[in-house]
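Participant: I'd like to ask you about the structure that follows.
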Amino acid sequence: MRFEGQNVAEFFSNIKDTLSKVTNAISGNSDREPPKAAKGNKLNSPESEAEFYTGTRDERGEYVVSEDAAPLEDSEYLDSEYLEPEYARYPIVKRDWEGLKRLIAWLEIEPQVTSLQTQGKKLLRPGLSLLGTQSPQKSESSKFPENSQLQDTQLPINTPLQENSAPQENTKKRIPRRPRFWISLGVVSIGGGALIYGLWILYTLDKGLPDVNDLSAFNRDGTLTIKAADNTILLQSGPATRDKLKLKEIPEQLVKAFIAIEDRRFYKHRGVDYQGIVRSIVSNLIERDLVQGGSTITQQLARVVFLNQERSIRRKVREALLAQKIERELSKDQVLERYLNLVYLGSDAYGVADAAWVFFSKTVDKLTLAEMATLAGLPPAPSEYSPLVNPDMAKKRRNLVLQQMQEAKVITEGEAKEAMAEPMVVKPSPPKRFKVVAPYFASYIRKELPRYVSKDALEAGGLTVETTVDLKWQKIAEKVVKNAIEVDGRSQGFEQAALVSMDTKTGEVKALVGGGNFKESQFNRATQALRSPGSTFKGLVYAAAMAAGFSPYDSYEDEPIIIDGYQPNNYGKKFSGWRSISDALTRSVNVVAVKVLMDVGFEPAIKVAHDMGIKSKLSPIYSLALGSSEVNLLELTNAYGTLASQGNFIEAHGITRVINQRGDVIYQADFKPKRVLDKDSAAITTWMLEGVVQDGTGGPAALADRAVAGKTGTSENVRDLWFIGYIPQVVTGIWLGNDDNYPTWGTSGTAAYNWRDFMSQAVKGMPVEKFPKLPKLEGRKGSIKAKPVEPKRIIRGMIVNEDGAIVPYNPNPEPKYYPPQEPAYQEPAYQEPAYQEPAYQEPASQEPRY
């Protein structure tokens, strides 16, 4: 007899709801009638029982006897064993499988289990349905007479049962009478199913593991790191590691101290140390304290980077799988390096370098053996073992580390005793990550970051921002601003200063200082303060004029004039007659600047200024030519940088790249130059601005080794002092003034002088480049179309006096006479003369008279 297979589809049909029913069936709790003994049917023999378990069944699920079956002999087997139902001797075990149900719900895999059940049904449906097969009813006669004709019992054609049908019926009746068989089958099925589920769960978890190749770039959630162009950290916020070291930069004894106490078999396991887990449990039970941890260094690294501190089996399984994956893809040295740079050691110290500074005010290479052991003992409970919080506990833990190092033969007994004898001495320092370098520049970067990075990425944190700042230039700029305030400010009545310096070819901000003291005032005057630019705005007006086809030699009369009620005045209310545009710019003549703006038009002039880099609102009024619309220092410097780059605008920026906590680049700067001013117009404007420095108000900005172009500016009542200047490679702007807009008594030449102080140091050693030559002017056509302003009323030769009345201009006004006033009598204050001891004088010797 043959047995082709067993149908176990019911096991997969509903793992949560029907397992109890299947178990009841397995235990003998069946609805079928107990079988009765069959007499004289020759099934009562061991041979037939053996053949039963190798039998086959047809496609309808009934067990059949093959045609070549051997004759059966009578036996008393059934009479002796099955006269009483054997299943009654066994207790019925009912299982509701609540544990498995809860496990499935906890693992959150109910949808996957259901899917697997459905697939199991499809795969196993053609098999045997042993559990669902019902036993046929017992035949009326257990014995067929010899040579009897089959009439009512005639089987259909093609039936596999040709003879001995009675034995088949009794065979089917015996199947549910064997509890041991059903129990074995149930155990195997449940065990196999559990194994399948377990393997499937592990496979699912393994597939969901993150990439571990970028651990070197990892930053914790909620952190922000801003770096200078040379990779120096400017600012860190959140739980970040300030100083990340290469493994070769960490003392060998410090590395071995961590291995000895945290993971002695680090070089022998593949991420999970099963022997170490057992050892740690035994050691902790013996010591009745947490002296050893069960997690390997690799598991701890996986927990820090990818997981959290949740106490659950699921997290431990993921931790173990991650540790094994890390070990497959990284070397042991790489694992150690990342662990020692990321492990939290208490007191806001992340990594061994930060901890060495926080606890001992040392770099790692200066640590003693005892100090190294102190740090190595911190990971399990940084607060409890902190030498700043609990010195006695820290010392006990330190000595335990030294003992472990001795047992691991990392140090000798003598070294261990000597280190143990040392007192617990600490020299605390604030974490380095609290220190901010270039604070005004860093604050500018933090405000710019949302422009380039999504809100979700900012909230997630773990970002590293790479910037453009040159720390050498930044330090020079900070010193220049400090000296300007402390030296020039005292004598000229200003309390604040700001400086911006940019690369004209890339738009990168190389230095930015927004005030004299960031601790006293975080207000960034380079980017946040809107101030009247004064005459520095004239450079943009004249650039628009050149773009409209004007010539630097076009002349305008400097005269008293009132235009639609507005009267432009020069310094000292003096007027000098006809002047060329170039000469008017050199001498900073206000009347000519207003007349040029009128001929160019408000709309073209404003558009050119915006295209060149001005972002603030510009009002279409006559005083725009004299800087009545407020701007900030950064955008005005950016606009002059467009002139330095020969008419190509590149937006000022301080961020080059942003990297998330997994090492992915989520932003890469890609600023392209945009032509906003034709080359000839930019060259002509630069040529005129060179004259400002050579022969005009910008003289104090002149450099000894190269040409400079730029423009001074003074706002109304001398409230703001400006100078924006450039060489072909660099543009720099300086502002001096008061936050409360109080007038100064200085001059824009002071700003030009401080500009030179910065640039002479910053560009020292930089190759000298020359400005473009003045292009041919004859027949030159403009690149923009002028839209002249048509005023409603112009009054020439008249001025508005102090009373608001319009009067003829008097070039030589008589000085006002102020009659002398008798000073009021004041009683002189009496002062007691101080007593002075008369000086002793040697009497002169005289000859006695005779």
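FYI, nothing fancy with the structure tokens labels: chains A, B, ... in order, residues from 1 per chain, ligands from 1 as they appear.
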Among range 383-562 of chain A, which ones does DSSP assign to strand (DSSP E or B) (computed from the backbone)? Answer as a PyMOL selection string.
Facilitator: chain A and resi 463-467+496-503+508-513+531+555-558+561-562
Participant: Excluding Glu466 in chain A and residues on its chain fewer than 2 positions from it, collect all residues at most 9 Å away from it, counting only C-alpha atoms, and give them as a ChimeraX atom specification.
Facilitator: /A:225-229,231,464,468,654-659
Participant: With all heavy atoms retained, export the selected residues as a short mmCIF file (atom, residue, chain, number, x, y, z; two decimals), in the first residue's frame.
Facilitator:
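Resulting contents of again.cif:
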```
data_model
loop_
_atom_site.label_atom_id
_atom_site.label_comp_id
_atom_site.auth_asym_id
_atom_site.auth_seq_id
_atom_site.Cartn_x
_atom_site.Cartn_y
_atom_site.Cartn_z
N THR A 225 25.02 70.93 12.47
CA THR A 225 26.45 71.25 12.46
C THR A 225 26.74 72.15 11.27
O THR A 225 26.41 71.79 10.13
CB THR A 225 27.30 69.98 12.37
OG1 THR A 225 26.99 69.12 13.48
CG2 THR A 225 28.78 70.32 12.39
N ILE A 226 27.35 73.30 11.53
CA ILE A 226 27.71 74.24 10.47
C ILE A 226 29.23 74.31 10.40
O ILE A 226 29.90 74.54 11.42
CB ILE A 226 27.13 75.64 10.74
CG1 ILE A 226 25.59 75.57 10.80
CG2 ILE A 226 27.56 76.62 9.67
CD1 ILE A 226 24.93 76.89 11.14
N LYS A 227 29.76 74.10 9.21
CA LYS A 227 31.21 74.03 9.02
C LYS A 227 31.70 75.14 8.10
O LYS A 227 30.98 75.57 7.19
CB LYS A 227 31.62 72.68 8.44
CG LYS A 227 31.38 71.50 9.36
CD LYS A 227 31.90 70.22 8.75
CE LYS A 227 31.75 69.04 9.71
NZ LYS A 227 32.29 67.79 9.12
N ALA A 228 32.94 75.57 8.33
CA ALA A 228 33.58 76.56 7.47
C ALA A 228 34.07 75.88 6.20
O ALA A 228 33.97 74.66 6.04
CB ALA A 228 34.72 77.24 8.21
N ALA A 229 34.64 76.68 5.30
CA ALA A 229 35.13 76.13 4.04
C ALA A 229 36.25 75.12 4.27
O ALA A 229 36.42 74.20 3.47
CB ALA A 229 35.62 77.26 3.14
N ASN A 231 36.36 73.03 6.73
CA ASN A 231 35.76 71.95 7.53
C ASN A 231 35.80 72.20 9.03
O ASN A 231 35.41 71.32 9.80
CB ASN A 231 36.41 70.59 7.22
CG ASN A 231 35.38 69.54 6.89
OD1 ASN A 231 34.29 69.85 6.43
ND2 ASN A 231 35.73 68.29 7.11
N THR A 464 24.34 68.43 8.44
CA THR A 464 25.66 69.06 8.39
C THR A 464 25.66 70.05 7.24
O THR A 464 25.39 69.67 6.10
CB THR A 464 26.77 68.01 8.18
OG1 THR A 464 26.77 67.10 9.28
CG2 THR A 464 28.12 68.69 8.09
N THR A 468 30.79 78.67 2.95
CA THR A 468 31.80 79.31 2.12
C THR A 468 32.80 80.14 2.89
O THR A 468 33.78 80.61 2.32
CB THR A 468 31.10 80.25 1.11
OG1 THR A 468 30.36 81.24 1.85
CG2 THR A 468 30.12 79.47 0.23
N GLY A 654 26.03 81.62 1.21
CA GLY A 654 27.01 81.12 2.17
C GLY A 654 26.99 79.62 2.35
O GLY A 654 27.81 79.07 3.06
N ILE A 655 26.05 78.91 1.71
CA ILE A 655 25.91 77.46 1.85
C ILE A 655 26.32 76.78 0.55
O ILE A 655 25.83 77.13 -0.51
CB ILE A 655 24.47 77.07 2.22
CG1 ILE A 655 24.07 77.71 3.55
CG2 ILE A 655 24.32 75.56 2.31
CD1 ILE A 655 22.62 77.48 3.93
N THR A 656 27.21 75.82 0.65
CA THR A 656 27.63 75.07 -0.53
C THR A 656 26.97 73.70 -0.61
O THR A 656 26.64 73.22 -1.69
CB THR A 656 29.16 74.87 -0.54
OG1 THR A 656 29.57 74.21 0.67
CG2 THR A 656 29.86 76.21 -0.64
N ARG A 657 26.74 73.07 0.58
CA ARG A 657 26.17 71.72 0.56
C ARG A 657 25.54 71.42 1.91
O ARG A 657 26.01 71.89 2.94
CB ARG A 657 27.27 70.70 0.26
CG ARG A 657 26.76 69.32 -0.09
CD ARG A 657 27.84 68.45 -0.69
NE ARG A 657 28.91 68.15 0.26
CZ ARG A 657 29.70 67.07 0.18
NH1 ARG A 657 29.55 66.23 -0.82
NH2 ARG A 657 30.64 66.86 1.07
N VAL A 658 24.45 70.63 1.87
CA VAL A 658 23.79 70.18 3.09
C VAL A 658 23.70 68.66 3.04
O VAL A 658 23.24 68.09 2.04
CB VAL A 658 22.39 70.79 3.26
CG1 VAL A 658 21.74 70.29 4.54
CG2 VAL A 658 22.46 72.31 3.25
N ILE A 659 24.12 68.00 4.12
CA ILE A 659 24.14 66.54 4.20
C ILE A 659 23.26 66.12 5.36
O ILE A 659 23.33 66.69 6.45
CB ILE A 659 25.58 66.04 4.41
CG1 ILE A 659 26.48 66.54 3.28
CG2 ILE A 659 25.61 64.52 4.50
CD1 ILE A 659 27.95 66.29 3.53
#
```
Participant: Mind pulling up the distance from CA of Leu636 in chain A to CA of Ala652 in chain A?
Facilitator: 10.4 Å
Participant: Just how far from CA of Ala625 in chain A is CA of Lys538 in chain A, in Å to one decimal?
Facilitator: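 Between CA of Lys538 in chain A and CA of Ala625 in chain A the gap works out to 5.8 Å.
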Participant: From a DSSP pass on the backbone, collect the residues of range 517-685 of chain A flagged as helix (DSSP H, G or I) and hand them back as a VMD selection string.
Facilitator: chain A and resid 534 to 547 571 to 573 581 to 587 590 to 600 602 to 612 622 to 626 633 to 644 679 to 685
Participant: Report the distance between CA of Asp365 in chain A and CA of Val426 in chain A in Å, rounded to one decimal place.
Facilitator: 16.3 Å
Participant: Mind checking which residues fall within 12 Å of Pro382 in chain A, counting only C-alpha atoms, ignoring those fewer than 6 positions away in the same chain, and posting them as a PyMOL selection string?
Facilitator: chain A and resi 343-350+355+374-376+388-390+393-394+397
Participant: Do you know which residues are at most 9 Å from range 702-705 of chain A counting only C-alpha atoms, after dropping those on the same chain fewer than 5 positions away, and could you put them as JSON, numbers by chain?
Facilitator: {"A": [693, 694, 752, 753, 756, 759, 760, 768]}
Participant: Which residues are near Ala545 in chain A? Cut-off 9 Å, only C-alpha atoms, ignore same chain within fewer than 4 positions. Put them as a PyMOL selection string.
Facilitator: chain A and resi 540-541+549-551+596-597+599-600+605+681+782+786
Participant: Please produce an output containing C-alpha atoms for each residue in the selection, written as an mmCIF file, in the first residue's frame.
Facilitator:
```cif
data_model
loop_
_atom_site.group_PDB
_atom_site.id
_atom_site.type_symbol
_atom_site.label_atom_id
_atom_site.label_comp_id
_atom_site.auth_asym_id
_atom_site.auth_seq_id
_atom_site.Cartn_x
_atom_site.Cartn_y
_atom_site.Cartn_z
ATOM 1 C CA LEU A 540 23.738 101.658 -9.650
ATOM 2 C CA VAL A 541 21.993 104.711 -11.138
ATOM 3 C CA GLY A 549 23.605 104.375 -23.937
ATOM 4 C CA PHE A 550 24.772 107.439 -21.980
ATOM 5 C CA SER A 551 28.404 108.548 -22.129
ATOM 6 C CA VAL A 596 20.546 111.456 -14.676
ATOM 7 C CA LEU A 597 17.895 109.351 -12.926
ATOM 8 C CA ASP A 599 16.626 110.948 -17.971
ATOM 9 C CA VAL A 600 17.023 107.189 -17.479
ATOM 10 C CA ALA A 605 16.876 102.211 -13.103
ATOM 11 C CA SER A 681 28.341 99.363 -19.525
ATOM 12 C CA GLY A 782 22.578 101.094 -25.118
ATOM 13 C CA ALA A 786 15.465 104.763 -21.234
#
```
Participant: Which residue, A:Val453, A:Pro179, A:Glu415, A:Glu520, has the smallest gap to Val665 in chain A when you use only C-alpha atoms?
Facilitator: A:Val453
Participant: May I have a table of the residues of range 405-482 of chain A lying at most 12 Å from range 251-259 of chain A, giving each one's closest pair of atoms and their distance in Å to one decimal, counting only C-alpha atoms, ordered by chain and ascending residue number, as a Markdown table?
Facilitator:
```
| residue | atom | partner | partner_atom | distance |
| --- | --- | --- | --- | --- |
| A:Met405 | CA | A:Ala257 | CA | 6.2 |
| A:Gln406 | CA | A:Ala257 | CA | 9.9 |
| A:Glu407 | CA | A:Ala257 | CA | 11.4 |
| A:Ala408 | CA | A:Lys256 | CA | 9.2 |
| A:Lys409 | CA | A:Lys256 | CA | 10.1 |
| A:Val410 | CA | A:Lys256 | CA | 7.0 |
| A:Ile411 | CA | A:Gln253 | CA | 8.5 |
| A:Glu415 | CA | A:Gln253 | CA | 11.8 |
| A:Ala416 | CA | A:Ala257 | CA | 11.7 |
```
Participant: Which polymer residues have any atom within 8 Å of an atom of Ile326 in chain A, counting only C-alpha atoms, with same-chain residues fewer than 5 positions away left out, as an MDAnalysis selection string?
Facilitator: chainID A and resid 212 271 298 302 335
Participant: Take the selection from the previous step and output its residues with N, CA, C and O atoms, as a PDB file, in the first residue's frame.
Facilitator:
```pdb
ATOM      1  N   VAL A 212      24.334  50.570   5.945  1.00  0.00           N
ATOM      2  CA  VAL A 212      25.278  50.866   7.031  1.00  0.00           C
ATOM      3  C   VAL A 212      26.599  51.424   6.522  1.00  0.00           C
ATOM      4  O   VAL A 212      27.526  51.640   7.297  1.00  0.00           O
ATOM      5  N   GLY A 271      29.505  40.239  15.371  1.00  0.00           N
ATOM      6  CA  GLY A 271      28.487  41.235  15.665  1.00  0.00           C
ATOM      7  C   GLY A 271      27.699  40.923  16.904  1.00  0.00           C
ATOM      8  O   GLY A 271      27.315  41.810  17.660  1.00  0.00           O
ATOM      9  N   THR A 298      29.536  46.467  18.549  1.00  0.00           N
ATOM     10  CA  THR A 298      28.830  46.625  17.273  1.00  0.00           C
ATOM     11  C   THR A 298      27.336  46.791  17.500  1.00  0.00           C
ATOM     12  O   THR A 298      26.681  47.598  16.829  1.00  0.00           O
ATOM     13  N   ALA A 302      24.995  49.987  16.503  1.00  0.00           N
ATOM     14  CA  ALA A 302      23.734  49.859  15.770  1.00  0.00           C
ATOM     15  C   ALA A 302      22.603  50.562  16.503  1.00  0.00           C
ATOM     16  O   ALA A 302      21.762  51.234  15.893  1.00  0.00           O
ATOM     17  N   VAL A 335      34.404  49.955  12.680  1.00  0.00           N
ATOM     18  CA  VAL A 335      33.377  49.880  13.717  1.00  0.00           C
ATOM     19  C   VAL A 335      33.855  50.589  14.979  1.00  0.00           C
ATOM     20  O   VAL A 335      33.125  51.386  15.591  1.00  0.00           O
TER      21      VAL A 335
END
```
Participant: Using only C-alpha atoms, which of the listed residues (A:Lys427, A:Arg220, A:Lys785, A:Lys396) sits closest to Gly601 in chain A?
Facilitator: A:Lys785
Participant: Using only C-alpha atoms, pick whichever of A:Val500, A:Lys505, A:Glu716, A:Gly663 has the shortest atom-to-atom distance to Glu635 in chain A.
Facilitator: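 Of the candidates, the smallest distance to Glu635 in chain A is held by A:Val500.
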Participant: Looking at only C-alpha atoms, which of A:Thr586, A:Gln646, A:Ser576, A:Gln496 is the one that sits closest to Thr744 in chain A?
Facilitator: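 The answer is A:Gln496, which sits nearest to Thr744 in chain A.
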